[in-house]
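Raw contents of input_14.cif, mmCIF, C-alpha atoms and all ligand atoms:
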data_target
loop_
_atom_site.label_atom_id
_atom_site.label_comp_id
_atom_site.auth_asym_id
_atom_site.auth_seq_id
_atom_site.Cartn_x
_atom_site.Cartn_y
_atom_site.Cartn_z
CA MET A 27 -39.27 69.27 40.68
CA THR A 28 -41.13 66.00 41.12
CA VAL A 29 -41.48 63.07 38.77
CA THR A 30 -44.86 61.33 38.83
CA LEU A 31 -46.18 58.26 37.03
CA VAL A 32 -49.83 57.76 36.14
CA ARG A 33 -51.64 55.12 34.19
CA GLY A 34 -53.99 56.71 31.69
CA ASP A 35 -54.58 58.66 28.52
CA ILE A 36 -52.28 61.58 27.81
CA THR A 37 -55.07 63.61 26.18
CA GLU A 38 -56.89 63.78 29.53
CA GLN A 39 -54.06 65.34 31.50
CA ALA A 40 -54.62 68.82 32.89
CA VAL A 41 -51.06 70.10 32.63
CA ASP A 42 -49.39 73.11 31.03
CA ALA A 43 -47.63 71.13 28.31
CA VAL A 44 -48.48 67.77 26.76
CA VAL A 45 -45.73 66.09 24.77
CA ASN A 46 -46.74 64.43 21.51
CA ALA A 47 -44.89 61.39 20.14
CA ALA A 48 -45.16 62.91 16.67
CA ASN A 49 -43.73 61.81 13.35
CA SER A 50 -41.51 64.08 11.33
CA SER A 51 -44.29 65.15 8.95
CA LEU A 52 -46.05 66.89 11.89
CA LEU A 53 -49.28 66.13 10.05
CA GLY A 54 -50.66 63.48 12.38
CA GLY A 55 -50.46 59.72 12.68
CA GLY A 56 -51.60 56.91 14.94
CA GLY A 57 -51.14 56.24 18.66
CA VAL A 58 -50.54 59.29 20.83
CA ASP A 59 -50.35 61.57 17.78
CA GLY A 60 -53.76 60.50 16.49
CA ALA A 61 -55.35 60.82 19.93
CA ILE A 62 -53.95 64.33 20.47
CA HIS A 63 -55.20 65.63 17.12
CA ARG A 64 -58.59 63.94 17.53
CA ARG A 65 -59.23 65.41 20.96
CA GLY A 66 -57.36 68.68 20.51
CA GLY A 67 -59.21 69.58 17.30
CA PRO A 68 -58.08 71.26 14.08
CA ALA A 69 -56.23 74.22 15.62
CA ILE A 70 -53.21 72.00 16.36
CA LEU A 71 -52.96 70.68 12.80
CA GLU A 72 -53.33 74.20 11.46
CA GLU A 73 -50.24 75.34 13.40
CA CYS A 74 -48.36 72.20 12.40
CA ARG A 75 -49.08 72.95 8.73
CA ALA A 76 -47.77 76.48 9.21
CA LEU A 77 -44.58 75.07 10.75
CA ARG A 78 -44.15 72.76 7.73
CA ALA A 79 -44.51 75.76 5.43
CA SER A 80 -41.88 77.78 7.30
CA ARG A 81 -39.33 76.52 9.85
CA TYR A 82 -39.66 72.81 9.10
CA ARG A 83 -40.09 72.45 5.36
CA GLY A 84 -38.25 69.13 5.48
CA GLY A 85 -40.17 67.95 8.55
CA LEU A 86 -39.15 67.96 12.22
CA PRO A 87 -35.93 65.92 12.67
CA ALA A 88 -35.85 63.09 15.21
CA GLY A 89 -34.74 64.30 18.64
CA GLU A 90 -36.02 67.87 18.22
CA ALA A 91 -39.09 69.54 19.71
CA VAL A 92 -41.49 72.32 18.71
CA ALA A 93 -44.56 73.76 20.44
CA THR A 94 -48.06 74.58 19.19
CA THR A 95 -51.37 75.45 20.80
CA ALA A 96 -53.09 72.59 22.62
CA GLY A 97 -56.44 73.40 20.98
CA ARG A 98 -59.26 71.87 23.01
CA LEU A 99 -57.00 69.73 25.22
CA PRO A 100 -56.92 70.73 28.91
CA ALA A 101 -53.38 72.09 28.44
CA ARG A 102 -51.75 75.26 27.16
CA TRP A 103 -49.29 73.77 24.70
CA VAL A 104 -48.54 70.62 22.80
CA ILE A 105 -44.82 70.00 22.45
CA HIS A 106 -44.25 67.82 19.39
CA THR A 107 -41.15 65.67 19.39
CA VAL A 108 -40.12 62.95 16.98
CA GLY A 109 -38.74 59.78 18.52
CA PRO A 110 -36.28 57.56 16.63
CA VAL A 111 -37.46 54.26 15.16
CA HIS A 112 -35.75 51.49 17.11
CA SER A 113 -32.94 49.81 15.18
CA LEU A 114 -30.99 46.64 15.93
CA SER A 115 -28.07 47.69 13.74
CA GLU A 116 -27.59 51.25 14.98
CA ASP A 117 -27.69 52.77 18.48
CA ARG A 118 -30.14 55.67 18.36
CA SER A 119 -30.42 56.12 22.14
CA HIS A 120 -28.98 59.64 21.96
CA LEU A 121 -31.92 60.68 19.78
CA LEU A 122 -34.46 59.30 22.23
CA ALA A 123 -32.69 61.08 25.11
CA SER A 124 -32.67 64.23 23.01
CA CYS A 125 -36.50 64.06 22.65
CA TYR A 126 -36.93 64.19 26.41
CA ARG A 127 -34.22 66.82 26.94
CA SER A 128 -35.38 69.12 24.10
CA SER A 129 -39.01 68.87 25.22
CA LEU A 130 -38.13 69.70 28.83
CA LEU A 131 -35.96 72.68 27.83
CA LEU A 132 -38.69 73.96 25.52
CA ALA A 133 -41.26 73.59 28.33
CA GLU A 134 -38.93 75.57 30.58
CA GLU A 135 -38.59 78.29 27.93
CA LEU A 136 -42.38 78.48 27.60
CA GLY A 137 -42.77 78.82 31.37
CA ALA A 138 -44.67 75.54 31.76
CA ARG A 139 -44.92 74.33 35.35
CA SER A 140 -46.19 70.85 34.53
CA VAL A 141 -45.32 68.59 31.59
CA ALA A 142 -46.87 65.24 30.63
CA PHE A 143 -44.88 62.74 28.55
CA PRO A 144 -45.93 59.52 26.83
CA ALA A 145 -43.43 56.66 26.49
CA ILE A 146 -41.88 58.06 23.29
CA SER A 147 -40.92 55.56 20.54
CA THR A 148 -42.29 52.54 22.43
CA GLY A 149 -45.34 52.08 20.18
CA VAL A 150 -45.20 52.03 16.39
CA TYR A 151 -41.44 52.83 16.57
CA ARG A 152 -40.86 49.56 18.52
CA TRP A 153 -38.43 50.75 21.19
CA PRO A 154 -38.27 48.12 24.00
CA LEU A 155 -40.14 49.44 27.04
CA ASP A 156 -37.45 48.65 29.60
CA ASP A 157 -34.79 50.59 27.68
CA GLY A 158 -37.23 53.36 26.69
CA ALA A 159 -38.19 53.84 30.34
CA ARG A 160 -34.54 53.87 31.44
CA ILE A 161 -33.60 56.52 28.86
CA ALA A 162 -36.65 58.65 29.79
CA LEU A 163 -35.90 58.67 33.52
CA THR A 164 -32.13 59.09 33.31
CA THR A 165 -32.59 62.01 30.91
CA VAL A 166 -35.04 63.73 33.26
CA ARG A 167 -32.57 63.20 36.10
CA ASP A 168 -29.71 64.65 34.05
CA THR A 169 -31.76 67.67 32.88
CA ARG A 170 -33.43 68.65 36.14
CA SER A 171 -30.69 71.08 37.22
CA ARG A 172 -31.58 73.21 34.16
CA LEU A 173 -35.27 73.44 35.10
CA GLU A 174 -36.64 76.18 37.31
CA GLN A 175 -40.16 76.76 35.98
CA VAL A 176 -41.00 73.11 35.50
CA LYS A 177 -42.19 71.70 38.83
CA GLU A 178 -43.80 68.44 37.72
CA VAL A 179 -42.78 65.93 35.05
CA ARG A 180 -45.54 63.37 34.64
CA PHE A 181 -45.21 60.16 32.65
CA VAL A 182 -48.54 58.92 31.37
CA LEU A 183 -48.48 55.20 30.69
CA PHE A 184 -51.18 53.55 28.69
CA ASP A 185 -51.10 50.09 30.25
CA SER A 186 -49.86 48.24 33.32
CA THR A 187 -46.80 46.80 31.55
CA ALA A 188 -45.55 50.23 30.58
CA TYR A 189 -46.34 51.51 34.07
CA ALA A 190 -44.31 48.71 35.68
CA HIS A 191 -41.29 49.43 33.48
CA PHE A 192 -41.40 53.14 34.34
CA GLU A 193 -41.84 52.42 38.04
CA ARG A 194 -38.71 50.31 38.02
CA ALA A 195 -36.74 52.80 35.92
CA LEU A 196 -37.76 55.62 38.29
CA ARG A 197 -36.47 53.64 41.25
CA GLU A 198 -33.22 52.72 39.55
CA SER A 199 -32.47 56.17 38.09
CA GLY A 200 -32.92 58.09 41.33
CA ALA A 201 -34.74 60.78 39.28
P1 LIG B 1 -44.12 56.10 18.67
O1 LIG B 1 -44.47 56.26 17.21
O2 LIG B 1 -43.18 57.18 19.16
O3 LIG B 1 -43.70 54.72 19.01
P2 LIG B 1 -46.88 55.71 19.67
O4 LIG B 1 -47.91 56.77 19.80
O5 LIG B 1 -47.09 54.62 18.67
O6 LIG B 1 -45.48 56.47 19.46
O7 LIG B 1 -46.69 55.00 21.09
C1 LIG B 1 -45.95 55.53 22.17
C2 LIG B 1 -46.46 54.95 23.48
O8 LIG B 1 -47.65 55.60 23.88
C3 LIG B 1 -46.81 53.45 23.43
O9 LIG B 1 -46.31 52.86 24.63
C4 LIG B 1 -48.33 53.44 23.40
O10 LIG B 1 -48.87 52.28 24.04
C5 LIG B 1 -48.67 54.67 24.20
N1 LIG B 1 -49.97 55.33 23.90
C6 LIG B 1 -50.77 55.21 22.81
N2 LIG B 1 -51.86 56.01 22.92
C7 LIG B 1 -51.72 56.69 24.11
C8 LIG B 1 -52.50 57.66 24.81
N3 LIG B 1 -53.66 58.13 24.31
N4 LIG B 1 -52.05 58.12 26.01
C9 LIG B 1 -50.88 57.66 26.53
N5 LIG B 1 -50.10 56.74 25.93
C10 LIG B 1 -50.52 56.25 24.74
#

Mind converting the file's structure to structure tokens?
Amino acid sequence: MTVTLVRGDITEQAVDAVVNAANSSLLGGGGVDGAIHRRGGPAILEECRALRASRYRGGLPAGEAVATTAGRLPARWVIHTVGPVHSLSEDRSHLLASCYRSSLLLAEELGARSVAFPAISTGVYRWPLDDGARIALTTVRDTRSRLEQVKEVRFVLFDSTAYAHFERALRESGA
């Protein structure tokens, strides 16, 4: 399995599974979530609504992951995961790590060979990029022995600052 970093827009990635930095309502939002629903079209929201009416009546808890169709995106699935909001009074790192781990294990279960991740929680949820990048890369490193189907994990970074943080975290993690 290889880890790659690209600068770009996650909705343009031709991969098997695209990970959405969703919110627990599963009904859309800003940032990555907004872009995925805008470009992927209404089929994604339709499946999210069905999930809210069945398995996730109370919403998707932070740290968990669930898959839907990718609609019109150049992917087979969207894996929705809810990152924790960054807090100065409480360490929620385990929840951020759980987002990456749960998404990777779900991708494996689906048979996805390539998975694209955004920098979860580092936007509206205010997680510092250096720490967010470190948690992302160390979690991939620690999960890779459980992945057989997944051959590529791609991080898609929106700007050069995020890219630089992930480049450094990749080097330091040995992922
Ligand atoms: P969260 O609510 O989990 O913080 P956001 O979507 O607000 O999620 O932001 C997560 C990260 O994704 C931020 O670093 C943001 O700059 C970046 N981002 C926003 N839009 C896109 C996009 N279309 N493709 C890739 N990354 C994006």

Inset, instruction - Could you jot down the CA of Val176 in chain A to CA of Tyr151 in chain A separation for me, Å, one decimal place? - result: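 Distance between the two atoms: 27.7 Å.
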
Inset, instruction - Name each residue within 7 Å of ligand LIG 1 (chain B), counting all atoms listed in the file, as JSON, numbers by chain. - result: {"A": [34, 35, 36, 37, 47, 48, 49, 56, 57, 58, 59, 61, 108, 109, 144, 145, 146, 147, 148, 149, 150, 151, 152, 153, 182, 183, 184, 185, 188]}

Legend entry - Pick from A:Arg75, A:Arg65, A:Ala40, A:Ser124, whichever lies nearest to Glu90 in chain A using all atoms listed in the file: A:Ser124

Legend entry - Distance criterion (only C-alpha atoms): nearest to Val29 in chain A out of A:Arg118, A:Arg64, A:Arg167, A:His112: A:Arg167

Legend entry - Who sits within 10 Å of Thr95 in chain A, all atoms listed in the file, same chain under 6 positions skipped, as a PyMOL selection string: chain A and resi 43+66+69-74+101-105

Quick one: what's the axis-aligned box for range 63-69 of chain A, all listed atoms, 5 Å on every side, centre and edges in Å to one decimal, as lines of an AutoDock Vina configuration file?
center_x = -57.2
center_y = 69.1
center_z = 17.5
size_x = 14.0
size_y = 20.3
size_z = 16.9

Inset, instruction - Could you tell me which of A:Leu173, A:Val45, A:Val179, A:Ala162 comes closest to Glu198 in chain A if we count all atoms listed in the file? - result: A:Ala162

Inset, instruction - Determine the nearest neighbour of Cys125 in chain A from the options A:Thr164, A:Ser199, A:Thr107, A:Gln175, counting only C-alpha atoms. - result: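 Closest residue, counting only C-alpha atoms: A:Thr107.
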
Legend entry - Separation of CA of Ala93 in chain A from CA of Pro110 in chain A, in Å and rounded to one decimal: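 Atom-to-atom, CA of Ala93 in chain A to CA of Pro110 in chain A, that is 18.6 Å.
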
Legend entry - Near-Asp157 in chain A list (9 Å; all atoms listed in the file; drop same-chain fewer than 6 positions) as a PyMOL selection string: chain A and resi 119+191+195

Neighbour residues at most 12 Å from (-35.0, 75.1, 36.4) (only C-alpha atoms) as a PDB file with C-alpha atoms, in the coordinates of the input:
ATOM      1  CA  MET A  27     -39.270  69.270  40.680  1.00  0.00           C
ATOM      2  CA  THR A  28     -41.130  66.000  41.120  1.00  0.00           C
ATOM      3  CA  LEU A 130     -38.130  69.700  28.830  1.00  0.00           C
ATOM      4  CA  LEU A 131     -35.960  72.680  27.830  1.00  0.00           C
ATOM      5  CA  LEU A 132     -38.690  73.960  25.520  1.00  0.00           C
ATOM      6  CA  ALA A 133     -41.260  73.590  28.330  1.00  0.00           C
ATOM      7  CA  GLU A 134     -38.930  75.570  30.580  1.00  0.00           C
ATOM      8  CA  GLU A 135     -38.590  78.290  27.930  1.00  0.00           C
ATOM      9  CA  LEU A 136     -42.380  78.480  27.600  1.00  0.00           C
ATOM     10  CA  GLY A 137     -42.770  78.820  31.370  1.00  0.00           C
ATOM     11  CA  ALA A 138     -44.670  75.540  31.760  1.00  0.00           C
ATOM     12  CA  ARG A 139     -44.920  74.330  35.350  1.00  0.00           C
ATOM     13  CA  VAL A 166     -35.040  63.730  33.260  1.00  0.00           C
ATOM     14  CA  ASP A 168     -29.710  64.650  34.050  1.00  0.00           C
ATOM     15  CA  THR A 169     -31.760  67.670  32.880  1.00  0.00           C
ATOM     16  CA  ARG A 170     -33.430  68.650  36.140  1.00  0.00           C
ATOM     17  CA  SER A 171     -30.690  71.080  37.220  1.00  0.00           C
ATOM     18  CA  ARG A 172     -31.580  73.210  34.160  1.00  0.00           C
ATOM     19  CA  LEU A 173     -35.270  73.440  35.100  1.00  0.00           C
ATOM     20  CA  GLU A 174     -36.640  76.180  37.310  1.00  0.00           C
ATOM     21  CA  GLN A 175     -40.160  76.760  35.980  1.00  0.00           C
ATOM     22  CA  VAL A 176     -41.000  73.110  35.500  1.00  0.00           C
ATOM     23  CA  LYS A 177     -42.190  71.700  38.830  1.00  0.00           C
ATOM     24  CA  GLU A 178     -43.800  68.440  37.720  1.00  0.00           C
TER      25      GLU A 178
END

Inset, instruction - Give me, please, the distance in Å between CA of Ala159 in chain A and CA of Ala142 in chain A, quoted to one decimal. - result: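 Those two atoms sit 14.3 Å apart.
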
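Closest approach to Ala201 in chain A among A:Gln39, A:Ser186, A:Thr165, A:Gly60: A:Thr165, based on only C-alpha atoms.
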